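Visitor: My file is input_34.txt. It has compact mmCIF, C-alpha atoms and all ligand atoms:
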# COMPACT_ATOMS: atom_id res chain seq x y z
CA MET A 169 -5.22 4.98 21.85
CA ASP A 170 -5.61 1.93 19.68
CA GLN A 171 -3.42 3.05 16.79
CA PHE A 172 -1.06 0.13 17.46
CA VAL A 173 -3.73 -2.61 17.40
CA LEU A 174 -3.66 -4.84 14.31
CA PRO A 175 -6.81 -4.12 12.25
CA SER A 176 -8.60 -7.06 10.67
CA LEU A 177 -8.25 -7.46 6.91
CA PRO A 178 -10.84 -5.23 5.20
CA PHE A 179 -11.59 -7.92 2.58
CA GLY A 180 -11.89 -10.79 5.07
CA ALA A 181 -9.32 -13.29 6.30
CA SER A 182 -9.66 -15.99 3.64
CA PRO A 183 -7.26 -16.23 0.66
CA ILE A 184 -7.92 -14.35 -2.58
CA GLU A 185 -7.43 -16.79 -5.42
CA GLY A 186 -4.70 -15.68 -7.80
CA LEU A 187 -3.39 -12.96 -5.47
CA PHE A 188 -2.95 -14.04 -1.85
CA SER A 189 -2.58 -17.56 -0.48
CA GLU A 190 -3.38 -18.28 3.16
CA GLU A 191 0.36 -18.41 3.87
CA THR A 192 1.00 -14.98 2.34
CA LEU A 193 -1.89 -13.44 4.29
CA HIS A 194 -0.65 -15.03 7.51
CA PHE A 195 2.89 -13.71 7.09
CA HIS A 196 2.10 -10.36 5.49
CA HIS A 197 -0.75 -9.32 7.76
CA GLY A 198 -0.32 -11.42 10.88
CA VAL A 199 3.49 -11.28 11.10
CA HIS A 200 5.02 -8.38 9.13
CA PHE A 201 2.26 -5.77 9.62
CA LYS A 202 1.79 -6.81 13.27
CA ASN A 203 5.51 -6.60 13.92
CA TYR A 204 5.68 -3.02 12.60
CA LEU A 205 2.80 -2.07 14.92
CA ASP A 206 4.28 -3.85 17.94
CA THR A 207 7.70 -2.29 17.36
CA ALA A 208 6.28 1.21 16.87
CA LYS A 209 4.26 0.82 20.09
CA LYS A 210 7.32 -0.30 22.04
CA LEU A 211 9.53 2.50 20.69
CA SER A 212 6.87 5.16 21.37
CA GLU A 213 6.34 4.18 25.02
CA GLY A 214 7.17 7.04 27.36
CA THR A 215 7.46 9.56 24.52
CA GLU A 216 5.13 12.23 23.12
CA PHE A 217 4.43 9.86 20.20
CA ALA A 218 2.60 7.28 22.36
CA VAL A 219 -0.67 9.21 21.93
CA GLN A 220 -0.22 10.23 18.29
CA SER A 221 -1.71 8.67 15.17
CA LEU A 222 0.48 6.63 12.81
CA GLY A 223 0.33 9.52 10.33
CA GLU A 224 1.50 12.02 12.93
CA ILE A 225 4.35 9.74 14.01
CA THR A 226 5.32 9.14 10.36
CA ILE A 227 5.62 12.89 9.83
CA GLY A 228 7.04 13.89 13.20
CA ALA A 229 9.29 11.08 14.44
CA SER A 230 12.70 9.90 13.26
CA GLY A 231 14.81 6.75 13.18
CA ALA A 232 13.39 3.31 13.92
CA LEU A 233 10.13 4.65 15.41
CA GLN A 234 9.44 6.68 12.26
CA ARG A 235 10.22 3.74 9.98
CA ASN A 236 8.07 1.24 11.90
CA ALA A 237 5.12 3.66 12.19
CA ALA A 238 5.39 4.46 8.47
CA GLN A 239 5.45 0.76 7.58
CA ALA A 240 2.39 0.20 9.77
CA LEU A 241 0.62 3.12 8.08
CA ASN A 242 1.64 1.85 4.64
CA HIS A 243 0.30 -1.64 5.32
CA ASP A 244 -2.98 -0.34 6.72
CA PHE A 245 -3.43 1.70 3.53
CA TYR A 246 -2.30 -1.12 1.23
CA PHE A 247 -4.82 -3.64 2.55
CA LYS A 248 -7.60 -1.03 2.23
CA CYS A 249 -6.66 -0.65 -1.46
CA ILE A 250 -7.62 -4.29 -2.11
CA SER A 251 -11.04 -5.79 -2.86
CA ARG A 252 -11.89 -9.46 -3.03
CA GLU A 253 -14.41 -8.83 -5.83
CA LYS A 254 -13.61 -6.83 -8.93
CA THR A 255 -14.75 -3.20 -8.60
CA ALA A 256 -15.43 -0.59 -11.29
CA VAL A 257 -13.55 2.70 -11.46
CA PRO A 258 -16.07 5.37 -10.41
CA GLU A 259 -16.82 7.91 -13.13
CA THR A 260 -15.26 10.85 -11.27
CA LEU A 261 -11.97 8.98 -10.79
CA SER A 262 -12.01 7.58 -14.32
CA GLN A 263 -12.22 11.13 -15.66
CA VAL A 264 -9.37 12.38 -13.47
CA LEU A 265 -7.17 9.40 -14.44
CA SER A 266 -7.87 10.06 -18.12
CA ASP A 267 -7.07 13.77 -17.67
CA ASN A 268 -3.71 12.95 -16.07
CA PHE A 269 -2.60 9.75 -17.84
CA SER A 270 -4.67 9.92 -21.08
CA SER A 271 -6.69 6.82 -20.14
CA VAL A 272 -7.29 4.36 -17.30
CA GLU A 273 -5.51 1.68 -19.35
CA LYS A 274 -2.45 3.93 -19.83
CA PHE A 275 -2.46 4.59 -16.08
CA ARG A 276 -2.46 0.83 -15.51
CA GLU A 277 0.57 0.38 -17.80
CA ASP A 278 2.48 3.27 -16.22
CA PHE A 279 1.67 2.21 -12.66
CA ILE A 280 2.73 -1.40 -13.20
CA SER A 281 5.87 -0.30 -15.04
CA ALA A 282 6.85 2.06 -12.20
CA ALA A 283 6.25 -0.67 -9.62
CA VAL A 284 8.25 -3.25 -11.60
CA ASN A 285 11.13 -0.78 -11.81
CA ASN A 286 10.99 0.36 -8.17
CA PHE A 287 14.37 -1.15 -7.31
CA GLY A 288 14.64 -3.19 -4.13
CA SER A 289 12.12 -2.87 -1.29
CA GLY A 290 9.55 -0.10 -1.42
CA TRP A 291 6.12 1.11 -2.43
CA THR A 292 4.57 2.54 -5.58
CA TRP A 293 1.76 5.05 -5.15
CA LEU A 294 -0.83 7.07 -6.99
CA ILE A 295 -0.74 10.48 -5.32
CA GLN A 296 -2.61 13.73 -5.58
CA SER A 297 -0.27 16.73 -5.77
CA PRO A 298 -0.83 20.41 -6.58
CA GLN A 299 0.26 19.54 -10.14
CA GLY A 300 -2.34 16.78 -10.44
CA LEU A 301 -2.28 13.02 -10.06
CA ARG A 302 1.15 11.40 -10.26
CA ILE A 303 2.73 7.96 -9.94
CA TYR A 304 5.26 8.12 -7.14
CA SER A 305 7.66 5.47 -5.87
CA THR A 306 9.23 5.36 -2.42
CA ALA A 307 11.98 3.14 -1.04
CA ASN A 308 11.85 1.10 2.16
CA ALA A 309 9.28 2.69 4.53
CA GLY A 310 8.70 5.86 2.51
CA ASN A 311 5.23 7.45 2.49
CA PRO A 312 4.19 10.44 0.33
CA ILE A 313 2.64 12.33 3.27
CA THR A 314 6.15 13.27 4.45
CA SER A 315 6.46 15.24 1.17
CA GLY A 316 3.01 16.79 1.53
CA PHE A 317 1.27 14.61 -1.06
CA ILE A 318 -2.10 12.87 -0.67
CA PRO A 319 -1.93 9.07 -1.20
CA LEU A 320 -4.76 7.63 -3.29
CA LEU A 321 -3.47 4.08 -3.98
CA CYS A 322 -0.39 2.07 -3.11
CA VAL A 323 1.15 -1.29 -3.83
CA ASP A 324 3.73 -3.04 -1.68
CA VAL A 325 6.73 -4.25 -3.69
CA TRP A 326 8.75 -5.64 -0.79
CA GLU A 327 9.50 -9.27 -1.63
CA HIS A 328 7.52 -10.42 1.44
CA ALA A 329 4.39 -9.15 -0.37
CA TYR A 330 4.69 -11.64 -3.21
CA TYR A 331 7.56 -14.10 -2.88
CA ILE A 332 5.56 -16.97 -1.36
CA ASP A 333 2.98 -16.94 -4.18
CA PHE A 334 4.82 -15.44 -7.14
CA ARG A 335 8.50 -16.07 -6.31
CA ASN A 336 10.49 -13.48 -8.29
CA ARG A 337 7.65 -12.68 -10.74
CA ARG A 338 6.87 -9.20 -9.45
CA ALA A 339 5.10 -8.18 -12.67
CA ASP A 340 2.64 -11.08 -12.33
CA TYR A 341 1.90 -10.07 -8.73
CA LEU A 342 1.28 -6.49 -9.89
CA LYS A 343 -1.08 -7.58 -12.66
CA ALA A 344 -3.05 -9.68 -10.14
CA PHE A 345 -3.04 -6.80 -7.64
CA PHE A 346 -4.44 -4.43 -10.26
CA GLU A 347 -7.42 -6.75 -10.82
CA HIS A 348 -8.27 -6.51 -7.12
CA ILE A 349 -7.98 -2.76 -6.53
CA ASN A 350 -10.79 -1.33 -4.39
CA TRP A 351 -11.54 1.60 -6.69
CA ASN A 352 -14.19 2.97 -4.33
CA PHE A 353 -11.52 3.37 -1.63
CA VAL A 354 -9.14 5.02 -4.12
CA ALA A 355 -11.83 7.45 -5.34
CA GLY A 356 -12.77 8.22 -1.74
CA ASN A 357 -9.23 9.47 -1.08
CA LEU A 358 -9.51 12.22 -3.73
CA LYS A 359 -9.64 15.65 -2.15
MN MN B 401 4.56 -5.54 3.25
What would the structure in this file look like if it were written as structure tokens?

Guide:
Amino acid sequence: MDQFVLPSLPFGASPIEGLFSEETLHFHHGVHFKNYLDTAKKLSEGTEFAVQSLGEITIGASGALQRNAAQALNHDFYFKCISREKTAVPETLSQVLSDNFSSVEKFREDFISAAVNNFGSGWTWLIQSPQGLRIYSTANAGNPITSGFIPLLCVDVWEHAYYIDFRNRRADYLKAFFEHINWNFVAGNLK
């Protein structure tokens, strides 16, 4: 299986002005993401997990293998959430966001606020749950699928995601990230 092969960046390899410099992309994609994949591959060798998907390993494994597979899965999802060009929120998703957060703009405020306040290293998500759409924060390598939720959108708030370009200004990184969300990918994750 090729679940441990580094995928190319869905928005192309060149920098995105105002969000990702070449140096950030090199370290975040080519070093951090690749290292999670390489480590998960190494730790899965000779086990039942060697032939499983990253999602299956994230749910079924434990310890360092689980954490590295989850981080690989999280990064794959994160980069898919990003578009080089600004995208519009599809009507179906816009309606669901308004139903759950009162408006798309209020969702933006709540999502950025949750991500700013996600203490330390982690991820902030938009998830689909039986109760509706929710903003959900995880620490370290956490992923909502281990709690049975469907991820729609995520943002990486580990310092390696923004420190080269934004230093400690996490809120500025999040505002820039929000301008580059691939809303078609997010809407496509709705079940
Ligand atoms: Mn990261």

Visitor: Pick out the residues no farther than 10 Å from ligand MN 401 (chain B), counting all atoms listed in the file, and list them as number ranges by chain.

Guide: A: 195-197, 199-201, 204, 239-240, 242-244, 246-247, 289-291, 308-309, 323-330

Visitor: Residues near range 218-229 of chain A, anyone? I mean within 7 Å using all atoms listed in the file, not counting same-chain ones fewer than 2 positions away, as a ChimeraX atom specification.

Guide: /A:169,171,212-216,233-234,237-238,241,314

Visitor: If we count all atoms listed in the file, what is near range 343-352 of chain A at a cut-off of 6 Å, once residues fewer than 6 positions away on the same chain are taken out, given as a ChimeraX atom specification?

Guide: /A:187,249-251,254,257

Visitor: Mind writing the picked residues with C-alpha atoms as a PDB file, keeping the file's coordinate frame?

Guide:
ATOM      1  CA  LEU A 187      -3.390 -12.960  -5.470  1.00  0.00           C
ATOM      2  CA  CYS A 249      -6.660  -0.650  -1.460  1.00  0.00           C
ATOM      3  CA  ILE A 250      -7.620  -4.290  -2.110  1.00  0.00           C
ATOM      4  CA  SER A 251     -11.040  -5.790  -2.860  1.00  0.00           C
ATOM      5  CA  LYS A 254     -13.610  -6.830  -8.930  1.00  0.00           C
ATOM      6  CA  VAL A 257     -13.550   2.700 -11.460  1.00  0.00           C
TER       7      VAL A 257
END

Visitor: Pick out the closest residue to Asn336 in chain A from this set: A:Gly198, A:Pro319, A:Pro175, A:Gly288. Count all atoms listed in the file.

Guide: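 Counting all atoms listed in the file, the residue closest to Asn336 in chain A is A:Gly288.
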
Visitor: Rank nothing, just name the residue among A:Lys209, A:Lys359, A:Lys202, A:Arg338 nearest to Ile280 in chain A, using only C-alpha atoms.

Guide: A:Arg338

Visitor: Between CA of Asp333 in chain A and CA of Glu253 in chain A, what is the distance, to one decimal in Å?

Guide: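 Value for the CA of Asp333 in chain A-CA of Glu253 in chain A distance: 19.3 Å.
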
Visitor: Using only C-alpha atoms, can you tell me which of A:Leu265, A:Ala307, A:Val272, A:Ala339 comes closest to Ile295 in chain A?

Guide: A:Leu265

Visitor: In Å, rounded to a single decimal, give me how far CA of Phe279 in chain A is from CA of Ser305 in chain A.

Guide: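 Taking CA of Ser305 in chain A and CA of Phe279 in chain A, their separation equals 9.6 Å.
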
Visitor: Got a sec: who's within 12 Å of Pro183 in chain A, counting only C-alpha atoms, leaving out chain neighbours fewer than 5 positions off, as an MDAnalysis selection string?

Guide: chainID A and resid 177 188:194 197 251:252 333

Visitor: What's the separation between CA of Asn285 in chain A and CA of Thr306 in chain A, in Å to one decimal place?

Guide: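 Computing it gives 11.4 Å between the two atoms.
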
Visitor: Listed atoms of range 268-275 of chain A, axis-aligned box, 5 Å per side: centre and edge lengths to one decimal in Å, as lines of an AutoDock Vina configuration file?

Guide:
center_x = -4.9
center_y = 7.3
center_z = -18.6
size_x = 14.8
size_y = 21.3
size_z = 15.0

Visitor: Restricting the calculation to all atoms listed in the file: of A:Phe287, A:Trp293, A:Phe179, A:Phe353, which residue gets closest to Asn311 in chain A?

Guide: A:Trp293
